>>> print(open('structure_16.pdb').read())   # PDB, C-alpha atoms, pLDDT in the B column
MODEL        1
ATOM      1  CA  MET T   1      37.637 -32.425  13.341  1.00 76.00           C
ATOM      2  CA  LEU T   2      37.134 -31.421   9.684  1.00 77.00           C
ATOM      3  CA  SER T   3      38.576 -34.745   8.580  1.00 87.00           C
ATOM      4  CA  ASN T   4      35.579 -36.547  10.086  1.00 91.00           C
ATOM      5  CA  LYS T   5      32.967 -36.874   7.333  1.00 93.00           C
ATOM      6  CA  HIS T   6      30.088 -37.019   9.828  1.00 93.00           C
ATOM      7  CA  VAL T   7      30.981 -33.606  11.262  1.00 92.00           C
ATOM      8  CA  VAL T   8      31.338 -32.067   7.796  1.00 92.00           C
ATOM      9  CA  ILE T   9      27.952 -33.420   6.675  1.00 94.00           C
ATOM     10  CA  ALA T  10      26.333 -32.197   9.928  1.00 94.00           C
ATOM     11  CA  MET T  11      27.778 -28.692   9.382  1.00 94.00           C
ATOM     12  CA  ILE T  12      26.253 -28.604   5.889  1.00 94.00           C
ATOM     13  CA  VAL T  13      22.865 -30.122   6.743  1.00 96.00           C
ATOM     14  CA  ALA T  14      22.162 -28.254  10.041  1.00 97.00           C
ATOM     15  CA  PRO T  15      21.689 -24.754   8.521  1.00 96.00           C
ATOM     16  CA  ILE T  16      19.486 -26.160   5.765  1.00 97.00           C
ATOM     17  CA  LEU T  17      17.284 -27.941   8.309  1.00 96.00           C
ATOM     18  CA  ALA T  18      17.095 -24.781  10.430  1.00 96.00           C
ATOM     19  CA  VAL T  19      15.845 -22.689   7.483  1.00 96.00           C
ATOM     20  CA  LEU T  20      13.318 -25.362   6.471  1.00 96.00           C
ATOM     21  CA  ALA T  21      12.044 -25.577  10.073  1.00 96.00           C
ATOM     22  CA  TRP T  22      11.660 -21.780  10.224  1.00 94.00           C
ATOM     23  CA  ILE T  23       9.607 -21.787   6.989  1.00 94.00           C
ATOM     24  CA  ALA T  24       7.466 -24.734   8.140  1.00 93.00           C
ATOM     25  CA  VAL T  25       6.646 -23.097  11.483  1.00 93.00           C
ATOM     26  CA  GLY T  26       5.657 -19.898   9.687  1.00 89.00           C
ATOM     27  CA  GLN T  27       3.345 -21.795   7.345  1.00 88.00           C
ATOM     28  CA  LEU T  28       1.721 -23.853  10.095  1.00 89.00           C
ATOM     29  CA  THR T  29       1.286 -21.230  12.812  1.00 90.00           C
ATOM     30  CA  GLY T  30       1.399 -17.941  10.889  1.00 82.00           C
ATOM     31  CA  GLU T  31      -1.617 -15.751  10.295  1.00 78.00           C
ATOM     32  CA  GLN T  32      -3.614 -16.965   7.314  1.00 78.00           C
ATOM     33  CA  PRO T  33      -5.226 -14.427   4.949  1.00 75.00           C
ATOM     34  CA  ARG T  34      -8.997 -14.122   5.287  1.00 78.00           C
ATOM     35  CA  ALA T  35     -11.595 -12.400   3.143  1.00 79.00           C
ATOM     36  CA  ALA T  36     -12.642  -8.907   4.211  1.00 80.00           C
ATOM     37  CA  VAL T  37     -15.720  -8.847   6.437  1.00 82.00           C
ATOM     38  CA  GLU T  38     -18.453  -6.383   5.532  1.00 87.00           C
ATOM     39  CA  GLY T  39     -18.512  -3.389   7.880  1.00 88.00           C
ATOM     40  CA  GLN T  40     -14.899  -3.800   9.047  1.00 91.00           C
ATOM     41  CA  SER T  41     -11.971  -1.443   8.407  1.00 93.00           C
ATOM     42  CA  TYR T  42      -8.588  -2.597   7.168  1.00 93.00           C
ATOM     43  CA  PRO T  43      -5.279  -0.691   6.905  1.00 94.00           C
ATOM     44  CA  LEU T  44      -3.384  -0.399   3.635  1.00 94.00           C
ATOM     45  CA  VAL T  45       0.403  -0.671   3.715  1.00 93.00           C
ATOM     46  CA  GLU T  46       2.388   2.157   2.132  1.00 92.00           C
ATOM     47  CA  LYS T  47       4.895   0.509  -0.223  1.00 93.00           C
ATOM     48  CA  SER T  48       8.475   1.727  -0.620  1.00 91.00           C
ATOM     49  CA  ASN T  49       7.827   3.639  -3.871  1.00 89.00           C
ATOM     50  CA  CYS T  50       5.813   6.165  -1.820  1.00 88.00           C
ATOM     51  CA  ARG T  51       8.990   7.261  -0.016  1.00 87.00           C
ATOM     52  CA  TYR T  52      11.018   8.490  -3.013  1.00 87.00           C
ATOM     53  CA  ALA T  53      10.337  10.423  -6.230  1.00 86.00           C
ATOM     54  CA  SER T  54       8.859   7.486  -8.145  1.00 87.00           C
ATOM     55  CA  GLY T  55       5.779   9.180  -9.588  1.00 86.00           C
ATOM     56  CA  ALA T  56       3.409   6.597  -8.064  1.00 91.00           C
ATOM     57  CA  CYS T  57       2.420   5.324  -4.630  1.00 93.00           C
ATOM     58  CA  ASP T  58       1.217   1.752  -4.142  1.00 95.00           C
ATOM     59  CA  LEU T  59      -1.020   0.907  -1.178  1.00 95.00           C
ATOM     60  CA  GLU T  60      -1.765  -2.764  -0.439  1.00 95.00           C
ATOM     61  CA  ASN T  61      -3.556  -5.171   1.855  1.00 92.00           C
ATOM     62  CA  GLU T  62      -3.023  -8.741   0.599  1.00 85.00           C
ATOM     63  CA  SER T  63      -4.696  -8.792  -2.868  1.00 88.00           C
ATOM     64  CA  PHE T  64      -6.427  -5.386  -2.476  1.00 92.00           C
ATOM     65  CA  LYS T  65      -4.175  -2.840  -4.220  1.00 95.00           C
ATOM     66  CA  LEU T  66      -4.441   0.870  -4.959  1.00 96.00           C
ATOM     67  CA  ARG T  67      -2.067   2.970  -7.079  1.00 95.00           C
ATOM     68  CA  LEU T  68      -2.049   6.736  -6.610  1.00 94.00           C
ATOM     69  CA  THR T  69      -0.461   9.034  -9.213  1.00 92.00           C
ATOM     70  CA  ILE T  70      -0.651  12.712 -10.092  1.00 88.00           C
ATOM     71  CA  GLN T  71      -1.266  14.147 -13.549  1.00 87.00           C
ATOM     72  CA  ASP T  72      -1.650  17.604 -15.054  1.00 84.00           C
ATOM     73  CA  GLY T  73      -5.296  18.267 -15.828  1.00 80.00           C
ATOM     74  CA  ALA T  74      -6.995  21.162 -17.588  1.00 81.00           C
ATOM     75  CA  SER T  75      -7.504  23.077 -14.325  1.00 82.00           C
ATOM     76  CA  GLY T  76      -4.286  22.027 -12.556  1.00 83.00           C
ATOM     77  CA  PRO T  77      -2.897  18.923 -10.857  1.00 86.00           C
ATOM     78  CA  GLU T  78      -5.173  15.905 -10.379  1.00 90.00           C
ATOM     79  CA  PHE T  79      -4.855  12.742  -8.326  1.00 90.00           C
ATOM     80  CA  LEU T  80      -5.548   9.571 -10.296  1.00 94.00           C
ATOM     81  CA  LEU T  81      -6.319   6.390  -8.355  1.00 94.00           C
ATOM     82  CA  SER T  82      -6.453   2.937  -9.938  1.00 95.00           C
ATOM     83  CA  ALA T  83      -7.734  -0.035  -7.963  1.00 95.00           C
ATOM     84  CA  SER T  84      -7.461  -3.806  -8.255  1.00 94.00           C
ATOM     85  CA  HIS T  85     -11.072  -4.264  -7.058  1.00 93.00           C
ATOM     86  CA  PRO T  86     -14.201  -2.228  -7.891  1.00 94.00           C
ATOM     87  CA  LEU T  87     -14.656   0.550  -5.336  1.00 94.00           C
ATOM     88  CA  GLU T  88     -17.921   2.005  -4.048  1.00 94.00           C
ATOM     89  CA  GLY T  89     -16.334   5.335  -3.152  1.00 94.00           C
ATOM     90  CA  VAL T  90     -13.074   7.056  -2.228  1.00 96.00           C
ATOM     91  CA  VAL T  91     -12.369  10.094  -0.045  1.00 96.00           C
ATOM     92  CA  LEU T  92      -8.950  11.694   0.100  1.00 93.00           C
ATOM     93  CA  ALA T  93      -7.377  14.537   2.085  1.00 92.00           C
ATOM     94  CA  VAL T  94      -4.012  16.219   1.580  1.00 90.00           C
ATOM     95  CA  ALA T  95      -2.696  18.259   4.505  1.00 85.00           C
ATOM     96  CA  ALA T  96       0.398  18.918   6.590  1.00 80.00           C
ATOM     97  CA  THR T  97       1.355  16.205   9.075  1.00 73.00           C
ATOM     98  CA  GLU T  98      -0.037  17.960  12.152  1.00 76.00           C
ATOM     99  CA  VAL T  99      -3.163  19.345  10.402  1.00 76.00           C
ATOM    100  CA  GLU T 100      -6.398  17.414   9.849  1.00 77.00           C
ATOM    101  CA  GLY T 101      -7.391  18.217   6.251  1.00 77.00           C
ATOM    102  CA  ALA T 102     -10.995  18.056   5.101  1.00 84.00           C
ATOM    103  CA  PRO T 103     -11.520  14.935   2.969  1.00 89.00           C
ATOM    104  CA  GLU T 104     -12.931  15.324  -0.520  1.00 92.00           C
ATOM    105  CA  ALA T 105     -14.701  12.671  -2.555  1.00 93.00           C
ATOM    106  CA  MET T 106     -12.998  11.367  -5.657  1.00 93.00           C
ATOM    107  CA  ARG T 107     -14.976  11.002  -8.905  1.00 93.00           C
ATOM    108  CA  ALA T 108     -15.238   7.648 -10.696  1.00 93.00           C
ATOM    109  CA  LEU T 109     -13.873   7.698 -14.249  1.00 91.00           C
ATOM    110  CA  ASP T 110     -15.331   4.384 -15.354  1.00 87.00           C
ATOM    111  CA  GLY T 111     -18.529   2.462 -14.676  1.00 85.00           C
ATOM    112  CA  GLN T 112     -16.653  -0.332 -12.900  1.00 89.00           C
ATOM    113  CA  GLY T 113     -15.165   1.770 -10.083  1.00 89.00           C
ATOM    114  CA  LEU T 114     -11.557   0.894 -10.930  1.00 94.00           C
ATOM    115  CA  SER T 115     -10.356   4.424 -11.845  1.00 95.00           C
ATOM    116  CA  TRP T 116     -10.938   7.548  -9.742  1.00 95.00           C
ATOM    117  CA  LEU T 117      -9.964  11.215 -10.173  1.00 93.00           C
ATOM    118  CA  MET T 118      -9.774  14.262  -7.898  1.00 92.00           C
ATOM    119  CA  PRO T 119      -8.637  17.753  -8.956  1.00 91.00           C
ATOM    120  CA  LEU T 120      -6.315  19.595  -6.559  1.00 87.00           C
ATOM    121  CA  GLN T 121      -6.061  23.307  -5.787  1.00 83.00           C
ATOM    122  CA  ARG T 122      -2.259  23.071  -5.487  1.00 82.00           C
ATOM    123  CA  THR T 123       0.554  20.570  -5.839  1.00 81.00           C
ATOM    124  CA  PRO T 124       1.190  18.875  -2.472  1.00 85.00           C
ATOM    125  CA  GLN T 125       4.286  19.988  -0.556  1.00 83.00           C
ATOM    126  CA  PRO T 126       6.982  17.560   0.708  1.00 81.00           C
ATOM    127  CA  THR T 127       5.710  17.941   4.294  1.00 84.00           C
ATOM    128  CA  ASP T 128       2.112  17.042   3.380  1.00 87.00           C
ATOM    129  CA  ARG T 129       0.520  13.669   4.028  1.00 90.00           C
ATOM    130  CA  ILE T 130      -2.179  11.916   2.034  1.00 91.00           C
ATOM    131  CA  ARG T 131      -5.024  10.353   4.003  1.00 93.00           C
ATOM    132  CA  LEU T 132      -7.296   8.034   2.041  1.00 94.00           C
ATOM    133  CA  VAL T 133     -10.351   5.851   2.690  1.00 95.00           C
ATOM    134  CA  ALA T 134     -11.763   3.534   0.007  1.00 96.00           C
ATOM    135  CA  ARG T 135     -14.933   1.438   0.267  1.00 95.00           C
ATOM    136  CA  ALA T 136     -15.214  -1.925  -1.457  1.00 93.00           C
ATOM    137  CA  ASP T 137     -17.828  -4.644  -0.868  1.00 90.00           C
ATOM    138  CA  GLY T 138     -19.043  -2.930   2.314  1.00 91.00           C
ATOM    139  CA  SER T 139     -15.566  -2.809   3.879  1.00 93.00           C
ATOM    140  CA  SER T 140     -13.360   0.252   4.390  1.00 95.00           C
ATOM    141  CA  PHE T 141      -9.668   0.369   3.536  1.00 96.00           C
ATOM    142  CA  TYR T 142      -7.654   3.291   4.891  1.00 96.00           C
ATOM    143  CA  ALA T 143      -4.100   4.590   4.494  1.00 94.00           C
ATOM    144  CA  GLU T 144      -1.824   7.494   5.256  1.00 92.00           C
ATOM    145  CA  ALA T 145       1.025   8.069   2.809  1.00 91.00           C
ATOM    146  CA  SER T 146       3.888  10.453   2.178  1.00 89.00           C
ATOM    147  CA  THR T 147       3.897  12.879  -0.749  1.00 89.00           C
ATOM    148  CA  ALA T 148       7.576  12.222  -1.483  1.00 86.00           C
ATOM    149  CA  PHE T 149       6.604  10.240  -4.613  1.00 86.00           C
ATOM    150  CA  LEU T 150       5.186  13.471  -6.125  1.00 82.00           C
ATOM    151  CA  GLN T 151       8.331  15.556  -5.647  1.00 73.00           C
ATOM    152  CA  PRO T 152      10.709  16.051  -8.574  1.00 64.00           C
ATOM    153  CA  ALA T 153      13.885  13.962  -8.490  1.00 58.00           C
ATOM    154  CA  GLN T 154      16.939  15.888  -7.302  1.00 51.00           C
TER     155      GLN T 154
ENDMDL
END
>>> encode(input="structure_16.pdb", output="structure tokens")
Amino acid sequence: MLSNKHVVIAMIVAPILAVLAWIAVGQLTGEQPRAAVEGQSYPLVEKSNCRYASGACDLENESFKLRLTIQDGASGPEFLLSASHPLEGVVLAVAATEVEGAPEAMRALDGQGLSWLMPLQRTPQPTDRIRLVARADGSSFYAEASTAFLQPAQ
């Protein structure tokens, strides 16, 4: 059977055609990105660097990206948020998984709304979760993320 050149060529070409067909179907029938509609809410995806001691947590929805880090400020730890798009406002809560923490507003560091800061009373514990809502162009973007990225590497 392997001495027949038609069978050998078919065994090489068939997987390539299958992969190309899978990609083509995804492009033709898959969900296409659309611009955010004013007044709607959209979830942000917690990227993998939020799940280990990386020092930063990236949250994304297509081209809308937020990066959350912690720094030592004059009065203790502070959350620093940098955004890919100008934000109108950001509220953030840090609490244990089963507890609903009271959200606090972050303060804009620049006039463009790309950098935001919030002082913390304490460093978040490994069991805490971060809940965040950011407003941009009349739309809300929300996320819940782990605090594992803040913990020291072991």
>>> atom_distance(input="structure_16.pdb", atom1="CA of Leu114 in chain T", atom2="CA of Ser84 in chain T")
6.8 Å
>>> atom_distance(input="structure_16.pdb", atom1="CA of Val25 in chain T", atom2="CA of Val45 in chain T")
24.5 Å
>>> closest_residue(input="structure_16.pdb", among="T:Trp116, T:Trp22, T:Tyr42, T:Phe141", to="Leu80 in chain T", atoms="all atoms listed in the file")
T:Trp116
>>> resolve_selection(input="structure_16.pdb", expression="the PyMOL selection byres ((chain T and resi 27-41) around 9)", output="ChimeraX atom specification")
/T:22-26,42-43,62,136-142
>>> write_last_selection(input="structure_16.pdb", atoms="C-alpha atoms", output="PDB file, in the frame of the given file")
ATOM      1  CA  TRP T  22      11.660 -21.780  10.224  1.00 94.00           C
ATOM      2  CA  ILE T  23       9.607 -21.787   6.989  1.00 94.00           C
ATOM      3  CA  ALA T  24       7.466 -24.734   8.140  1.00 93.00           C
ATOM      4  CA  VAL T  25       6.646 -23.097  11.483  1.00 93.00           C
ATOM      5  CA  GLY T  26       5.657 -19.898   9.687  1.00 89.00           C
ATOM      6  CA  TYR T  42      -8.588  -2.597   7.168  1.00 93.00           C
ATOM      7  CA  PRO T  43      -5.279  -0.691   6.905  1.00 94.00           C
ATOM      8  CA  GLU T  62      -3.023  -8.741   0.599  1.00 85.00           C
ATOM      9  CA  ALA T 136     -15.214  -1.925  -1.457  1.00 93.00           C
ATOM     10  CA  ASP T 137     -17.828  -4.644  -0.868  1.00 90.00           C
ATOM     11  CA  GLY T 138     -19.043  -2.930   2.314  1.00 91.00           C
ATOM     12  CA  SER T 139     -15.566  -2.809   3.879  1.00 93.00           C
ATOM     13  CA  SER T 140     -13.360   0.252   4.390  1.00 95.00           C
ATOM     14  CA  PHE T 141      -9.668   0.369   3.536  1.00 96.00           C
ATOM     15  CA  TYR T 142      -7.654   3.291   4.891  1.00 96.00           C
TER      16      TYR T 142
END
>>> resolve_selection(input="structure_16.pdb", expression="the PyMOL selection byres ((chain T and resi 55) around 7)", output="PyMOL selection string")
chain T and resi 53-54+56+69+149-150
>>> build_atoms(input="structure_16.pdb", residues="range 101-129 of chain T", atoms="N, CA and C atoms", output="PDB file, keeping the file's coordinate frame")
ATOM      1  N   GLY T 101      -6.792  17.643   7.447  1.00 77.00           N
ATOM      2  CA  GLY T 101      -7.391  18.217   6.251  1.00 77.00           C
ATOM      3  C   GLY T 101      -8.795  17.682   6.039  1.00 77.00           C
ATOM      4  N   ALA T 102      -9.631  18.478   5.411  1.00 84.00           N
ATOM      5  CA  ALA T 102     -10.995  18.056   5.101  1.00 84.00           C
ATOM      6  C   ALA T 102     -10.966  17.085   3.922  1.00 84.00           C
ATOM      7  N   PRO T 103     -11.527  15.890   4.083  1.00 89.00           N
ATOM      8  CA  PRO T 103     -11.520  14.935   2.969  1.00 89.00           C
ATOM      9  C   PRO T 103     -12.485  15.350   1.871  1.00 89.00           C
ATOM     10  N   GLU T 104     -12.099  15.048   0.643  1.00 92.00           N
ATOM     11  CA  GLU T 104     -12.931  15.324  -0.520  1.00 92.00           C
ATOM     12  C   GLU T 104     -13.168  14.009  -1.255  1.00 92.00           C
ATOM     13  N   ALA T 105     -14.356  13.886  -1.818  1.00 93.00           N
ATOM     14  CA  ALA T 105     -14.701  12.671  -2.555  1.00 93.00           C
ATOM     15  C   ALA T 105     -14.042  12.685  -3.925  1.00 93.00           C
ATOM     16  N   MET T 106     -13.545  11.525  -4.315  1.00 93.00           N
ATOM     17  CA  MET T 106     -12.998  11.367  -5.657  1.00 93.00           C
ATOM     18  C   MET T 106     -14.141  10.996  -6.600  1.00 93.00           C
ATOM     19  N   ARG T 107     -13.961  11.268  -7.889  1.00 93.00           N
ATOM     20  CA  ARG T 107     -14.976  11.002  -8.905  1.00 93.00           C
ATOM     21  C   ARG T 107     -14.571   9.770  -9.715  1.00 93.00           C
ATOM     22  N   ALA T 108     -15.507   8.856  -9.911  1.00 93.00           N
ATOM     23  CA  ALA T 108     -15.238   7.648 -10.696  1.00 93.00           C
ATOM     24  C   ALA T 108     -15.105   8.011 -12.167  1.00 93.00           C
ATOM     25  N   LEU T 109     -14.097   7.451 -12.830  1.00 91.00           N
ATOM     26  CA  LEU T 109     -13.873   7.698 -14.249  1.00 91.00           C
ATOM     27  C   LEU T 109     -14.507   6.640 -15.132  1.00 91.00           C
ATOM     28  N   ASP T 110     -14.741   5.468 -14.576  1.00 87.00           N
ATOM     29  CA  ASP T 110     -15.331   4.384 -15.354  1.00 87.00           C
ATOM     30  C   ASP T 110     -16.540   3.826 -14.609  1.00 87.00           C
ATOM     31  N   GLY T 111     -17.336   3.040 -15.283  1.00 85.00           N
ATOM     32  CA  GLY T 111     -18.529   2.462 -14.676  1.00 85.00           C
ATOM     33  C   GLY T 111     -18.235   1.306 -13.737  1.00 85.00           C
ATOM     34  N   GLN T 112     -17.006   0.813 -13.734  1.00 89.00           N
ATOM     35  CA  GLN T 112     -16.653  -0.332 -12.900  1.00 89.00           C
ATOM     36  C   GLN T 112     -16.117   0.069 -11.541  1.00 89.00           C
ATOM     37  N   GLY T 113     -15.721   1.320 -11.357  1.00 89.00           N
ATOM     38  CA  GLY T 113     -15.165   1.770 -10.083  1.00 89.00           C
ATOM     39  C   GLY T 113     -13.703   1.422  -9.906  1.00 89.00           C
ATOM     40  N   LEU T 114     -12.980   1.235 -11.008  1.00 94.00           N
ATOM     41  CA  LEU T 114     -11.557   0.894 -10.930  1.00 94.00           C
ATOM     42  C   LEU T 114     -10.650   2.104 -11.080  1.00 94.00           C
ATOM     43  N   SER T 115     -11.151   3.209 -11.653  1.00 95.00           N
ATOM     44  CA  SER T 115     -10.356   4.424 -11.845  1.00 95.00           C
ATOM     45  C   SER T 115     -11.094   5.607 -11.237  1.00 95.00           C
ATOM     46  N   TRP T 116     -10.352   6.423 -10.458  1.00 95.00           N
ATOM     47  CA  TRP T 116     -10.938   7.548  -9.742  1.00 95.00           C
ATOM     48  C   TRP T 116     -10.057   8.773  -9.941  1.00 95.00           C
ATOM     49  N   LEU T 117     -10.670   9.970  -9.915  1.00 93.00           N
ATOM     50  CA  LEU T 117      -9.964  11.215 -10.173  1.00 93.00           C
ATOM     51  C   LEU T 117     -10.410  12.280  -9.175  1.00 93.00           C
ATOM     52  N   MET T 118      -9.453  13.125  -8.757  1.00 92.00           N
ATOM     53  CA  MET T 118      -9.774  14.262  -7.898  1.00 92.00           C
ATOM     54  C   MET T 118      -8.877  15.428  -8.257  1.00 92.00           C
ATOM     55  N   PRO T 119      -9.463  16.571  -8.679  1.00 91.00           N
ATOM     56  CA  PRO T 119      -8.637  17.753  -8.956  1.00 91.00           C
ATOM     57  C   PRO T 119      -8.116  18.362  -7.654  1.00 91.00           C
ATOM     58  N   LEU T 120      -6.936  18.960  -7.721  1.00 87.00           N
ATOM     59  CA  LEU T 120      -6.315  19.595  -6.559  1.00 87.00           C
ATOM     60  C   LEU T 120      -6.206  21.094  -6.781  1.00 87.00           C
ATOM     61  N   GLN T 121      -6.247  21.864  -5.689  1.00 83.00           N
ATOM     62  CA  GLN T 121      -6.061  23.307  -5.787  1.00 83.00           C
ATOM     63  C   GLN T 121      -4.580  23.649  -5.983  1.00 83.00           C
ATOM     64  N   ARG T 122      -3.697  22.823  -5.416  1.00 82.00           N
ATOM     65  CA  ARG T 122      -2.259  23.071  -5.487  1.00 82.00           C
ATOM     66  C   ARG T 122      -1.526  21.738  -5.485  1.00 82.00           C
ATOM     67  N   THR T 123      -0.283  21.763  -5.909  1.00 81.00           N
ATOM     68  CA  THR T 123       0.554  20.570  -5.839  1.00 81.00           C
ATOM     69  C   THR T 123       0.961  20.348  -4.385  1.00 81.00           C
ATOM     70  N   PRO T 124       0.826  19.137  -3.865  1.00 85.00           N
ATOM     71  CA  PRO T 124       1.190  18.875  -2.472  1.00 85.00           C
ATOM     72  C   PRO T 124       2.665  19.167  -2.189  1.00 85.00           C
ATOM     73  N   GLN T 125       2.934  19.666  -0.999  1.00 83.00           N
ATOM     74  CA  GLN T 125       4.286  19.988  -0.556  1.00 83.00           C
ATOM     75  C   GLN T 125       4.957  18.740   0.026  1.00 83.00           C
ATOM     76  N   PRO T 126       6.283  18.734   0.161  1.00 81.00           N
ATOM     77  CA  PRO T 126       6.982  17.560   0.708  1.00 81.00           C
ATOM     78  C   PRO T 126       6.574  17.224   2.144  1.00 81.00           C
ATOM     79  N   THR T 127       6.100  18.197   2.899  1.00 84.00           N
ATOM     80  CA  THR T 127       5.710  17.941   4.294  1.00 84.00           C
ATOM     81  C   THR T 127       4.268  17.470   4.423  1.00 84.00           C
ATOM     82  N   ASP T 128       3.511  17.467   3.331  1.00 87.00           N
ATOM     83  CA  ASP T 128       2.112  17.042   3.380  1.00 87.00           C
ATOM     84  C   ASP T 128       1.999  15.527   3.468  1.00 87.00           C
ATOM     85  N   ARG T 129       0.846  15.091   3.963  1.00 90.00           N
ATOM     86  CA  ARG T 129       0.520  13.669   4.028  1.00 90.00           C
ATOM     87  C   ARG T 129      -0.805  13.454   3.300  1.00 90.00           C
TER      88      ARG T 129
END
